[in-house]
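Visitor: The file below is target.cif, mmCIF, C-alpha atoms and all ligand atoms:
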data_data
loop_
_atom_site.label_atom_id
_atom_site.label_comp_id
_atom_site.auth_asym_id
_atom_site.auth_seq_id
_atom_site.Cartn_x
_atom_site.Cartn_y
_atom_site.Cartn_z
CA MET A 277 1.63 -8.21 -7.40
CA ARG A 278 2.70 -6.28 -4.36
CA ALA A 279 1.76 -6.04 -0.71
CA ARG A 280 -1.15 -3.79 0.13
CA GLN A 281 0.74 -2.49 3.13
CA ALA A 282 4.14 -3.02 4.68
CA SER A 283 5.82 -1.38 7.62
CA TYR A 284 8.78 -1.91 9.88
CA LEU A 285 7.77 -3.55 13.14
CA THR A 286 10.82 -4.11 15.33
CA SER A 287 14.38 -5.44 15.55
CA ALA A 288 15.90 -7.86 18.00
CA THR A 289 19.44 -8.49 19.17
CA ALA A 290 18.35 -11.17 21.67
CA PRO A 291 15.46 -13.64 21.90
CA ALA A 292 13.93 -11.49 24.67
CA GLY A 293 13.45 -8.81 22.04
CA PHE A 294 11.40 -10.97 19.67
CA PRO A 295 7.91 -9.52 19.25
CA PRO A 296 5.03 -11.54 20.72
CA PRO A 297 3.92 -14.26 18.27
CA GLY A 298 1.44 -12.81 15.80
CA PRO A 299 0.67 -13.58 12.15
CA PRO A 300 2.50 -16.36 10.24
CA GLU A 301 6.14 -15.47 9.72
CA ILE A 302 8.28 -15.81 6.61
CA ALA A 303 12.02 -15.57 7.28
CA PHE A 304 14.62 -14.69 4.65
CA ALA A 305 18.04 -16.28 5.06
CA GLY A 306 21.19 -16.37 2.99
CA ARG A 307 24.79 -15.40 2.71
CA SER A 308 25.74 -11.78 3.34
CA ASN A 309 25.13 -9.50 0.38
CA VAL A 310 23.12 -12.10 -1.52
CA GLY A 311 20.16 -9.74 -1.75
CA LYS A 312 17.83 -10.71 1.13
CA SER A 313 16.77 -7.17 1.98
CA SER A 314 16.41 -6.25 -1.71
CA LEU A 315 14.22 -9.31 -2.29
CA ILE A 316 11.94 -8.29 0.58
CA ASN A 317 11.62 -4.75 -0.79
CA THR A 318 10.84 -5.92 -4.32
CA LEU A 319 8.40 -8.57 -3.14
CA VAL A 320 6.39 -6.14 -1.02
CA GLY A 321 6.81 -3.32 -3.55
CA PHE A 322 8.09 -0.77 -1.05
CA PRO A 323 11.67 0.12 -2.10
CA GLY A 324 13.04 1.55 1.15
CA LEU A 325 11.46 -0.87 3.61
CA ALA A 326 14.41 -3.14 4.44
CA ARG A 327 17.82 -1.49 4.41
CA THR A 328 20.07 -2.61 1.60
CA SER A 329 23.74 -1.95 1.01
CA SER A 330 26.63 -2.97 -1.17
CA THR A 331 28.61 -3.51 2.04
CA PRO A 332 28.16 -7.15 3.10
CA GLY A 333 26.91 -7.77 6.59
CA ARG A 334 24.58 -4.78 6.64
CA THR A 335 21.69 -6.53 8.35
CA ARG A 336 22.97 -7.41 11.81
CA LEU A 337 19.76 -7.90 13.69
CA LEU A 338 16.57 -9.79 13.17
CA ASN A 339 14.23 -7.27 11.60
CA TRP A 340 10.47 -7.75 11.55
CA PHE A 341 8.11 -6.23 9.01
CA ARG A 342 4.36 -6.33 9.13
CA VAL A 343 2.97 -7.14 5.70
CA VAL A 344 -0.56 -7.05 4.35
CA PRO A 345 -0.14 -9.41 1.37
CA PRO A 346 -1.86 -9.15 -2.04
CA THR A 347 -5.44 -10.42 -2.08
CA ALA A 348 -5.14 -11.97 -5.54
CA VAL A 349 -3.39 -15.09 -4.23
CA PRO A 350 -5.68 -17.98 -3.24
CA GLY A 351 -5.27 -19.01 0.38
CA MET A 352 -3.26 -15.98 1.42
CA PRO A 353 -3.79 -15.01 5.08
CA PRO A 354 -4.85 -11.41 5.83
CA GLU A 355 -1.53 -10.60 7.43
CA LEU A 356 2.06 -11.86 7.51
CA ALA A 357 5.30 -10.92 9.19
CA PHE A 358 8.54 -10.95 7.20
CA VAL A 359 11.76 -11.48 9.11
CA ASP A 360 15.03 -10.32 7.54
CA LEU A 361 17.77 -12.49 9.03
CA PRO A 362 21.43 -11.46 9.27
CA GLY A 363 23.65 -12.87 6.54
CA TYR A 364 26.09 -15.66 7.20
CA GLY A 365 29.31 -16.89 5.67
CA PHE A 366 31.06 -13.63 5.14
CA ALA A 367 34.63 -13.73 6.38
CA LYS A 368 35.07 -9.97 6.81
CA VAL A 369 32.46 -9.85 9.52
CA PRO A 370 34.29 -10.08 12.86
CA ARG A 371 34.24 -13.50 14.42
CA GLU A 372 32.73 -12.23 17.69
CA MET A 373 29.86 -10.77 15.79
CA ARG A 374 29.16 -14.00 13.94
CA ALA A 375 29.29 -15.82 17.26
CA ALA A 376 26.61 -13.47 18.60
CA TRP A 377 24.25 -14.07 15.66
CA ARG A 378 24.31 -17.78 15.92
CA PRO A 379 22.36 -18.32 19.15
CA LEU A 380 19.98 -15.59 18.06
CA VAL A 381 19.17 -17.14 14.70
CA GLU A 382 19.11 -20.60 16.27
CA ALA A 383 16.63 -19.53 18.93
CA PHE A 384 14.42 -18.07 16.25
CA VAL A 385 14.54 -20.97 13.78
CA GLU A 386 14.29 -23.75 16.32
CA LYS A 387 11.69 -22.34 18.70
CA ARG A 388 9.54 -19.74 17.02
CA ALA A 389 6.01 -21.18 16.87
CA THR A 390 4.71 -18.77 14.22
CA LEU A 391 7.55 -19.36 11.73
CA ALA A 392 5.89 -20.82 8.62
CA LEU A 393 8.67 -20.77 6.03
CA VAL A 394 12.36 -19.99 5.62
CA VAL A 395 13.19 -18.59 2.20
CA VAL A 396 16.81 -19.56 1.50
CA ILE A 397 18.31 -17.08 -0.94
CA VAL A 398 21.23 -18.03 -3.18
CA ASP A 399 23.07 -15.97 -5.80
CA LEU A 400 22.22 -17.56 -9.14
CA ARG A 401 25.67 -16.86 -10.59
CA ARG A 402 27.46 -18.36 -7.68
CA GLY A 403 25.15 -21.28 -7.00
CA PRO A 404 24.85 -23.10 -3.69
CA GLU A 405 27.93 -23.96 -1.66
CA LYS A 406 28.61 -25.82 1.56
CA GLU A 407 26.90 -23.14 3.69
CA GLU A 408 23.63 -23.52 1.82
CA GLU A 409 23.76 -27.30 2.08
CA GLU A 410 24.35 -26.99 5.82
CA LEU A 411 21.59 -24.44 6.25
CA LEU A 412 19.07 -26.65 4.45
CA ALA A 413 20.13 -29.72 6.41
CA TRP A 414 19.71 -27.81 9.65
CA LEU A 415 16.26 -26.53 8.65
CA GLU A 416 15.19 -30.02 7.76
CA HIS A 417 16.47 -31.32 11.07
CA ALA A 418 14.53 -28.55 12.86
CA GLY A 419 11.42 -29.51 10.88
CA ARG A 420 11.26 -26.14 9.15
CA PRO A 421 9.94 -25.87 5.61
CA ALA A 422 12.42 -24.15 3.29
CA LEU A 423 12.08 -22.64 -0.15
CA VAL A 424 15.19 -21.99 -2.22
CA VAL A 425 15.20 -18.84 -4.32
CA LEU A 426 17.96 -18.01 -6.79
CA THR A 427 18.33 -14.26 -6.97
CA LYS A 428 20.19 -11.69 -9.10
CA ALA A 429 18.83 -13.61 -12.12
CA ASP A 430 19.21 -10.41 -14.17
CA LYS A 431 22.98 -10.80 -13.94
CA LEU A 432 22.98 -14.03 -15.91
CA PRO A 433 21.96 -14.24 -19.60
CA LYS A 434 18.54 -15.82 -20.05
CA SER A 435 19.94 -18.90 -21.77
CA LYS A 436 22.04 -19.71 -18.71
CA ARG A 437 19.36 -19.28 -16.06
CA ILE A 438 17.49 -22.57 -16.42
CA PRO A 439 20.69 -24.65 -16.56
CA ALA A 440 21.98 -22.84 -13.46
CA ALA A 441 18.69 -23.54 -11.64
CA ALA A 442 18.84 -27.20 -12.64
CA TRP A 443 22.40 -27.41 -11.36
CA ALA A 444 21.40 -25.83 -8.03
CA ARG A 445 18.54 -28.28 -7.72
CA LYS A 446 20.87 -31.18 -8.19
CA ALA A 447 23.53 -29.81 -5.86
CA LEU A 448 20.98 -29.32 -3.07
CA GLY A 449 18.98 -32.48 -3.77
CA LEU A 450 15.72 -30.56 -4.22
CA ARG A 451 12.52 -32.06 -5.58
CA ARG A 452 12.12 -29.27 -8.09
CA ASP A 453 13.95 -26.33 -9.58
CA PRO A 454 14.43 -23.38 -7.22
CA LEU A 455 12.58 -20.21 -8.05
CA LEU A 456 14.35 -17.61 -10.18
CA PHE A 457 14.16 -14.05 -8.88
CA SER A 458 15.49 -10.59 -9.61
CA ALA A 459 15.08 -7.60 -7.34
CA ASP A 460 16.03 -5.40 -10.30
CA THR A 461 13.44 -6.61 -12.80
CA GLY A 462 10.84 -8.09 -10.45
CA ASP A 463 11.10 -11.50 -12.10
CA GLY A 464 9.74 -14.19 -9.81
CA VAL A 465 7.68 -11.88 -7.57
CA ASP A 466 4.27 -13.40 -8.39
CA ASP A 467 5.58 -16.95 -8.12
CA LEU A 468 7.13 -16.21 -4.75
CA TRP A 469 3.86 -14.78 -3.40
CA ARG A 470 2.07 -17.96 -4.51
CA GLN A 471 4.65 -20.20 -2.88
CA ILE A 472 4.40 -18.23 0.34
CA ALA A 473 0.62 -18.71 0.42
CA VAL A 474 1.03 -22.47 -0.12
CA ALA A 475 3.64 -22.70 2.64
CA VAL A 476 1.53 -20.74 5.12
CA GLN A 477 -1.45 -22.98 4.46
CA SER A 478 0.51 -26.15 5.05
CA ALA A 479 2.11 -24.70 8.19
CA GLU A 480 -1.38 -23.89 9.54
CA ARG A 481 -2.53 -27.41 8.75
CA ALA A 482 0.49 -28.86 10.54
CA ARG A 483 -0.13 -26.67 13.60
CA SER A 484 -3.80 -27.60 13.90
CA ARG A 485 -3.04 -31.29 13.77
P1 LIG A 501 23.24 -8.27 4.16
O1 LIG A 501 22.07 -7.69 4.89
O2 LIG A 501 24.46 -7.42 4.23
O3 LIG A 501 23.50 -9.69 4.49
O4 LIG A 501 22.89 -8.22 2.58
P2 LIG A 501 21.55 -8.63 1.85
O5 LIG A 501 21.54 -10.07 1.59
O6 LIG A 501 20.37 -8.06 2.56
O7 LIG A 501 21.75 -7.91 0.45
P3 LIG A 501 21.15 -6.52 -0.08
O8 LIG A 501 19.70 -6.67 -0.37
O9 LIG A 501 21.57 -5.42 0.81
O10 LIG A 501 21.86 -6.41 -1.51
C1 LIG A 501 23.26 -6.47 -1.64
C2 LIG A 501 23.67 -5.83 -2.97
O11 LIG A 501 23.19 -6.63 -4.07
C3 LIG A 501 23.09 -4.43 -3.20
O12 LIG A 501 24.10 -3.65 -3.83
C4 LIG A 501 21.91 -4.68 -4.11
O13 LIG A 501 21.60 -3.57 -4.91
C5 LIG A 501 22.38 -5.85 -4.95
N1 LIG A 501 21.25 -6.70 -5.41
C6 LIG A 501 20.35 -7.33 -4.62
N2 LIG A 501 19.46 -8.04 -5.34
C7 LIG A 501 19.81 -7.84 -6.65
C8 LIG A 501 19.27 -8.33 -7.90
O14 LIG A 501 18.29 -9.11 -7.97
N3 LIG A 501 19.92 -7.94 -9.04
C9 LIG A 501 21.00 -7.13 -9.01
N4 LIG A 501 21.56 -6.81 -10.18
N5 LIG A 501 21.54 -6.65 -7.87
C10 LIG A 501 20.95 -7.01 -6.69
MG MG A 502 20.22 -7.19 4.41
#
What would you get if you wrote out this structure as structure tokens?
Ligand code: GTP
Ligand code: MG

Guide:
Amino acid sequence: MRARQASYLTSATAPAGFPPPGPPEIAFAGRSNVGKSSLINTLVGFPGLARTSSTPGRTRLLNWFRVVPPTAVPGMPPELAFVDLPGYGFAKVPREMRAAWRPLVEAFVEKRATLALVVVIVDLRRGPEKEEEELLAWLEHAGRPALVVLTKADKLPKSKRIPAAAWARKALGLRRDPLLFSADTGDGVDDLWRQIAVAVQSAERARSR
């Protein structure tokens, strides 16, 4: 599955630059260099959409993409916005810069009415660490639904993937195994689309209550 359409919408360096609330938003969060932008590109099926780089800390703004999702998924809304969040937890990024991201990401996660789901991306080989635990705890505190995705699955032999996912589940206290994904092979793409549709539906239900 892939998106029917996807295009860059806008970037923001301050909350005043956030676009007016529109379709349900899916945000992608995770450590620098974990593969957030690559995951977005593979999921939508447009390789150059979000900028990727082997230099950590590449995405320094909040970047919005307008996405027309695949029709084959039950309950999928006609339109979504994907938000590529800047990476965290990378020491080489100057401290001042990290300090600038924080209020920006906080304003978005805590106040954005149209935010339906935060996809928390973790490197399967590395597994979750303190930062991921803190991120999930914060999202829970903010009342934001989160979905953990383990990416770069292609870099681990098949026999080790399920045990690594089970370990991550335990470490993060999740109710079920996180989703396995690879931007290189496309593993996990269809599952992720389905999970996004489910999350958007429950966010809409919560909002109309
Ligand atoms: P920042 O924006 O800097 O925080 O990084 P990011 O999380 O957006 O990571 P990005 O998508 O730019 O990918 C970082 C590096 O990991 C790139 O060299 C990608 O090619 C590589 N990469 C990303 N996903 C995968 C994957 O699933 N498998 C493999 N083998 N490499 C990946
Ligand atoms: Mg990026």

Visitor: Please identify all polymer residues lying at most 12 Å from the point (2.7, -14.5, -9.8) (file coordinates), using all atoms listed in the file, and present the result as a PyMOL selection string.

Guide: chain A and resi 277-278+319+346-350+455+457+462-473

Visitor: Kindly assemble as CSV a list of the chain A residues that lie within 6 Å of ligand LIG 501 (chain A), each paired with its nearest atom pair and their distance in Å to one decimal, using only C-alpha atoms and all ligand atoms, sorted first by chain and then by ascending residue number.

Guide:
residue,atom,partner,partner_atom,distance
A:Ser308,CA,A:LIG501,O3,3.3
A:Asn309,CA,A:LIG501,O4,3.4
A:Val310,CA,A:LIG501,O5,4.0
A:Gly311,CA,A:LIG501,O7,3.3
A:Lys312,CA,A:LIG501,O5,3.8
A:Ser313,CA,A:LIG501,O6,3.8
A:Ser314,CA,A:LIG501,O8,3.6
A:Thr328,CA,A:LIG501,O9,3.3
A:Ser329,CA,A:LIG501,O9,4.1
A:Ser330,CA,A:LIG501,O12,3.7
A:Pro332,CA,A:LIG501,O2,3.9
A:Gly333,CA,A:LIG501,O2,3.4
A:Arg334,CA,A:LIG501,O2,3.6
A:Thr335,CA,A:LIG501,O1,3.7
A:Pro362,CA,A:LIG501,O3,5.5
A:Gly363,CA,A:LIG501,O3,3.8
A:Thr427,CA,A:LIG501,O14,5.2
A:Lys428,CA,A:LIG501,O14,3.4
A:Asp430,CA,A:LIG501,N3,5.7
A:Lys431,CA,A:LIG501,N4,5.7
A:Ser458,CA,A:LIG501,O14,3.6
A:Ala459,CA,A:LIG501,O14,3.6
A:Asp460,CA,A:LIG501,N3,4.8

Visitor: Between A:Val395, A:Trp377, A:Arg485, A:Leu415, single out the one closest to A:Leu315, counting only C-alpha atoms.

Guide: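 Comparing A:Val395, A:Trp377, A:Arg485, A:Leu415 against A:Leu315, the winner is A:Val395.
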
Visitor: Considering only C-alpha atoms, state which residue in the set A:Ala479, A:Ala279, A:Ala389, A:Leu338 is at the smallest distance from A:Pro296.

Guide: A:Ala389

Visitor: Select all residues near (5.9, -5.6, 5.1) (cut-off 6 Å, inclusive, file coordinates), counting all atoms listed in the file, and output them as a VMD selection string.

Guide: chain A and resid 282 to 283 341 to 343

Visitor: Name the residues in contact with A:Leu361 at a cut-off of 8 Å, using only C-alpha atoms, excluding same-chain residues fewer than 4 positions from it; report them as a PDB file with C-alpha atoms, keeping the file's coordinate frame.

Guide:
ATOM      1  CA  ALA A 303      12.020 -15.570   7.280  1.00  0.00           C
ATOM      2  CA  PHE A 304      14.620 -14.690   4.650  1.00  0.00           C
ATOM      3  CA  ALA A 305      18.040 -16.280   5.060  1.00  0.00           C
ATOM      4  CA  GLY A 306      21.190 -16.370   2.990  1.00  0.00           C
ATOM      5  CA  THR A 335      21.690  -6.530   8.350  1.00  0.00           C
ATOM      6  CA  ARG A 336      22.970  -7.410  11.810  1.00  0.00           C
ATOM      7  CA  LEU A 337      19.760  -7.900  13.690  1.00  0.00           C
ATOM      8  CA  LEU A 338      16.570  -9.790  13.170  1.00  0.00           C
ATOM      9  CA  ASN A 339      14.230  -7.270  11.600  1.00  0.00           C
ATOM     10  CA  VAL A 381      19.170 -17.140  14.700  1.00  0.00           C
TER      11      VAL A 381
END

Visitor: Would you compute the distance between atom CA of A:Val394 and atom CA of A:Ile316? Give it in Å to one decimal.

Guide: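 The value is 12.7 Å.
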
Visitor: Kindly indicate which residue among A:Ala429, A:Leu391, A:Ala440, A:Ile397 lies nearest to ligand MG 502 (chain A), using only C-alpha atoms and all ligand atoms for the distances.

Guide: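 Closest candidate: A:Ile397.
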
Visitor: As a VMD selection string, please: the residues near stretch 416-419 of chain A (cut-off 6 Å, only C-alpha atoms, same-chain neighbours under 2 positions excluded).

Guide: chain A and resid 386 413 to 414

Visitor: Determine the nearest neighbour of ligand MG 502 (chain A) from the options A:Met352, A:Leu325, A:Val424, A:Ala482, counting only C-alpha atoms and all ligand atoms.

Guide: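 Once distances to ligand MG 502 (chain A) are computed over only C-alpha atoms and all ligand atoms, the minimum belongs to A:Leu325.
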
Visitor: Between A:Leu456, A:Ala447, A:Leu412, A:Val320, which has the minimum distance to A:Leu432 (counting all atoms listed in the file)?

Guide: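 Smallest separation from A:Leu432 among the options: A:Leu456.
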
Visitor: Using all atoms listed in the file for the distances, tell me which of A:Pro353, A:Ala392, A:Lys434, A:Ala326 is nearest to A:Pro297.

Guide: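 Nearest candidate to A:Pro297 out of A:Pro353, A:Ala392, A:Lys434, A:Ala326: A:Ala392.
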
Visitor: Report the distance between atom CA of A:Ala442 and atom CA of A:Leu426 in Å, rounded to one decimal place.

Guide: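 Computing it gives 10.9 Å between the two atoms.
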
Visitor: Mind filling out stretch 420-431 of chain A with all heavy atoms and sending it as a compact mmCIF listing (two decimals), in the frame of the given file?

Guide:
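Output file rebuild23.txt follows:
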# COMPACT_ATOMS: atom_id res chain seq x y z
N ARG A 420 11.70 -27.41 9.72
CA ARG A 420 11.26 -26.14 9.15
C ARG A 420 11.18 -26.20 7.64
O ARG A 420 12.20 -26.49 6.99
CB ARG A 420 12.24 -25.04 9.52
CG ARG A 420 12.26 -24.71 10.98
CD ARG A 420 10.90 -24.30 11.44
NE ARG A 420 10.94 -23.70 12.76
CZ ARG A 420 9.87 -23.27 13.40
NH1 ARG A 420 8.68 -23.38 12.85
NH2 ARG A 420 9.97 -22.73 14.59
N PRO A 421 10.03 -25.91 7.06
CA PRO A 421 9.94 -25.87 5.61
C PRO A 421 10.84 -24.78 5.03
O PRO A 421 10.93 -23.69 5.59
CB PRO A 421 8.47 -25.54 5.34
CG PRO A 421 7.75 -25.70 6.62
CD PRO A 421 8.77 -25.60 7.72
N ALA A 422 11.53 -25.12 3.94
CA ALA A 422 12.42 -24.15 3.29
C ALA A 422 12.05 -24.04 1.82
O ALA A 422 11.56 -24.98 1.21
CB ALA A 422 13.87 -24.61 3.44
N LEU A 423 12.29 -22.86 1.28
CA LEU A 423 12.08 -22.64 -0.15
C LEU A 423 13.33 -21.96 -0.68
O LEU A 423 13.74 -20.92 -0.18
CB LEU A 423 10.86 -21.73 -0.35
CG LEU A 423 10.59 -21.28 -1.78
CD1 LEU A 423 10.07 -22.45 -2.61
CD2 LEU A 423 9.59 -20.14 -1.82
N VAL A 424 13.96 -22.58 -1.67
CA VAL A 424 15.19 -21.99 -2.22
C VAL A 424 14.85 -21.04 -3.37
O VAL A 424 14.10 -21.39 -4.28
CB VAL A 424 16.17 -23.09 -2.70
CG1 VAL A 424 17.43 -22.47 -3.30
CG2 VAL A 424 16.53 -24.03 -1.55
N VAL A 425 15.39 -19.85 -3.27
CA VAL A 425 15.20 -18.84 -4.32
C VAL A 425 16.57 -18.43 -4.85
O VAL A 425 17.47 -18.11 -4.07
CB VAL A 425 14.45 -17.60 -3.77
CG1 VAL A 425 14.42 -16.48 -4.79
CG2 VAL A 425 13.03 -17.98 -3.35
N LEU A 426 16.70 -18.45 -6.16
CA LEU A 426 17.96 -18.01 -6.79
C LEU A 426 17.77 -16.57 -7.24
O LEU A 426 16.92 -16.28 -8.10
CB LEU A 426 18.28 -18.90 -7.98
CG LEU A 426 18.50 -20.38 -7.63
CD1 LEU A 426 18.51 -21.23 -8.89
CD2 LEU A 426 19.80 -20.55 -6.86
N THR A 427 18.54 -15.66 -6.66
CA THR A 427 18.33 -14.26 -6.97
C THR A 427 19.44 -13.67 -7.84
O THR A 427 20.37 -14.38 -8.22
CB THR A 427 18.13 -13.45 -5.67
OG1 THR A 427 17.56 -12.18 -6.02
CG2 THR A 427 19.42 -13.24 -4.91
N LYS A 428 19.29 -12.40 -8.17
CA LYS A 428 20.19 -11.69 -9.10
C LYS A 428 20.15 -12.37 -10.47
O LYS A 428 21.17 -12.41 -11.19
CB LYS A 428 21.61 -11.58 -8.54
CG LYS A 428 21.65 -10.90 -7.16
CD LYS A 428 23.03 -10.45 -6.73
CE LYS A 428 22.99 -9.90 -5.30
NZ LYS A 428 24.27 -9.37 -4.81
N ALA A 429 18.99 -12.91 -10.83
CA ALA A 429 18.83 -13.61 -12.12
C ALA A 429 19.16 -12.68 -13.28
O ALA A 429 19.64 -13.13 -14.33
CB ALA A 429 17.41 -14.15 -12.25
N ASP A 430 18.93 -11.37 -13.08
CA ASP A 430 19.21 -10.41 -14.17
C ASP A 430 20.69 -10.38 -14.55
O ASP A 430 21.05 -9.93 -15.64
CB ASP A 430 18.75 -9.00 -13.74
CG ASP A 430 19.40 -8.54 -12.44
OD1 ASP A 430 18.97 -8.98 -11.35
OD2 ASP A 430 20.36 -7.76 -12.51
N LYS A 431 21.54 -10.86 -13.66
CA LYS A 431 22.98 -10.80 -13.94
C LYS A 431 23.48 -11.97 -14.78
O LYS A 431 24.65 -12.01 -15.14
CB LYS A 431 23.76 -10.75 -12.62
CG LYS A 431 23.54 -9.45 -11.88
CD LYS A 431 24.68 -9.17 -10.95
CE LYS A 431 24.53 -7.80 -10.30
NZ LYS A 431 25.68 -7.48 -9.45
